[in-house]
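Each remark here refers to the structure printed beneath this line.
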Amino acid sequence: ANTRAHDAMNRYGQWVRNMQTGPTGKEKVVYGVYTVSEHDVKKCSEPILKAAKSQPAMAELDQAAKAYASTLKDWAASLAEADQYYTREDYKDDGFAKGKAMHAGLVKHYEAFDQAAKAYNTALDAENDKLQAARLAQVEKAEGKQFRYWHLASMISAKRLLETLERDNLDLLVTVPVPMTVAALGGVVDAPCLVSEACDGKCKATVEVPAGAQT
């Protein structure tokens with residue numbers, strides 16, 4: 001349901017060229033929208049909401065899960081209404097009046113769903129990171145820094161790097177925000193570094209930024 005929900009907006013955007021203004025009624029091709037069935041919404045939401053009610057409570061994750069399920073339901077309902085309109089080709093009868101009226105609601109519900117989906121994934125990753133850190137501590141306490149410890153530590157560090165780095169052939173690239181004052185006047189910023197055994201996975205590399213830098 002999650003993938004289908006995102007694909008639905010992509011489908012809409014294939015023929016509605018301007019998401020700020022919506023359909024004009026002059027489109028040569030009208031694809032309509034994809035839908036997310038009630039069955040798929042229920043199949044996706046039920047286990048998420050069930051987990052949110054379980055103990056121990058995880059406030060941030062539980063709240064994100066509820067928001068995700070709620071916005072998915074609203075987005076699916078908007079899609080169902082739009083699909084009926086476009087499948088029946090009612091736009092040919094009303095000159096796209098309802099299509100234009102529905103546009104703002106479609107965009108609003110999708111943006112709410114998209115933000116909730118990202119927040120849920122972020123909260124889920126955060127909880128998984130806590131579990132991995134706790135497991136690493138248990139392994140260190142039970143066995144010391146032996147093979148199992150370093151194997152798990154390397155997996156945790158690799159995940160952190162993958163979240164910030166992108167590959168360009170043999171080069172690893174990382175995007176780091178630079179404050180406007182630093183870009184204009186020059187200074188330094190901290191960037192993630194490659195992790196070694198001497199690093200706790202959170203070490204940074206200092207990068208000098210010349211005055212007047214653009215990127």
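We name chains A, B, ... following the order of the structure tokens; residues begin at 1 in each chain, and ligands are numbered from 1 as shown.
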Would you pick out the contacts of stretch 99-116 of chain A at 10 Å or less, using only C-alpha atoms, so that residues sharing its chain but fewer than 2 positions from it are not included, and give the list as a ChimeraX atom specification? /A:2,5-6,8-9,12,16,19-25,32,63-79,81-82,85-86,90-91,94-97,118-122
Let's see if you can do this: from backbone DSSP, list all strand (DSSP E) residues in stretch 1-214 of chain A, as a list in words.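 Output for stretch 1-214 of chain A, strand (DSSP E) only: Leu165, Glu166, Arg167, Asp168, Asp171, Leu172, Leu173, Val174, Gly187, Val188, Val189, Asp190, Ala191, Pro192, Lys204, Ala205, Thr206, Val207, Glu208 and Val209 of chain A.
Those residues that approach stretch 124-129 of chain A to within 8 Å, counting only C-alpha atoms, are Leu61, Tyr120, Ala133 and Ile156 of chain A; same-chain residues fewer than 4 positions away are not listed.
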Extract the full set of alpha helix (DSSP H) residues from stretch 2-209 of chain A according to DSSP on the backbone, and format it as a ChimeraX atom specification. /A:2-15,38-53,59-87,91-94,97-143,147-164,180-185
Point-to-point distance from atom CA of A:Ala52 to atom CA of A:Ala117, Å rounded to tenths: 15.0 Å
Please compute the atom CA of A:Leu49-atom CA of A:Val33 distance, one decimal, in Å.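 Rounded to one decimal, the two atoms are 27.0 Å apart.
Among the candidates A:Ser45, A:Thr3, A:Arg88, A:Ala123, the residue lying nearest to A:Ala59 is A:Ala123 (atoms considered: only C-alpha atoms).
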Could you list, as a PyMOL selection string, every residue within 9 Å of A:Tyr31, counting only C-alpha atoms and ignoring same-chain residues fewer than 3 positions away? chain A and resi 11-12+14-15+34+86-87
For A:Leu152: contacts at 10 Å, only C-alpha atoms, fewer than 6 positions along chain excluded, given as a VMD selection string: chain A and resid 132 to 133 135 to 136 139 158
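Distances to A:Pro179 were evaluated for A:Ala142, A:Val209, A:Val41, A:Ala1 using only C-alpha atoms, and the minimum falls at A:Val209.
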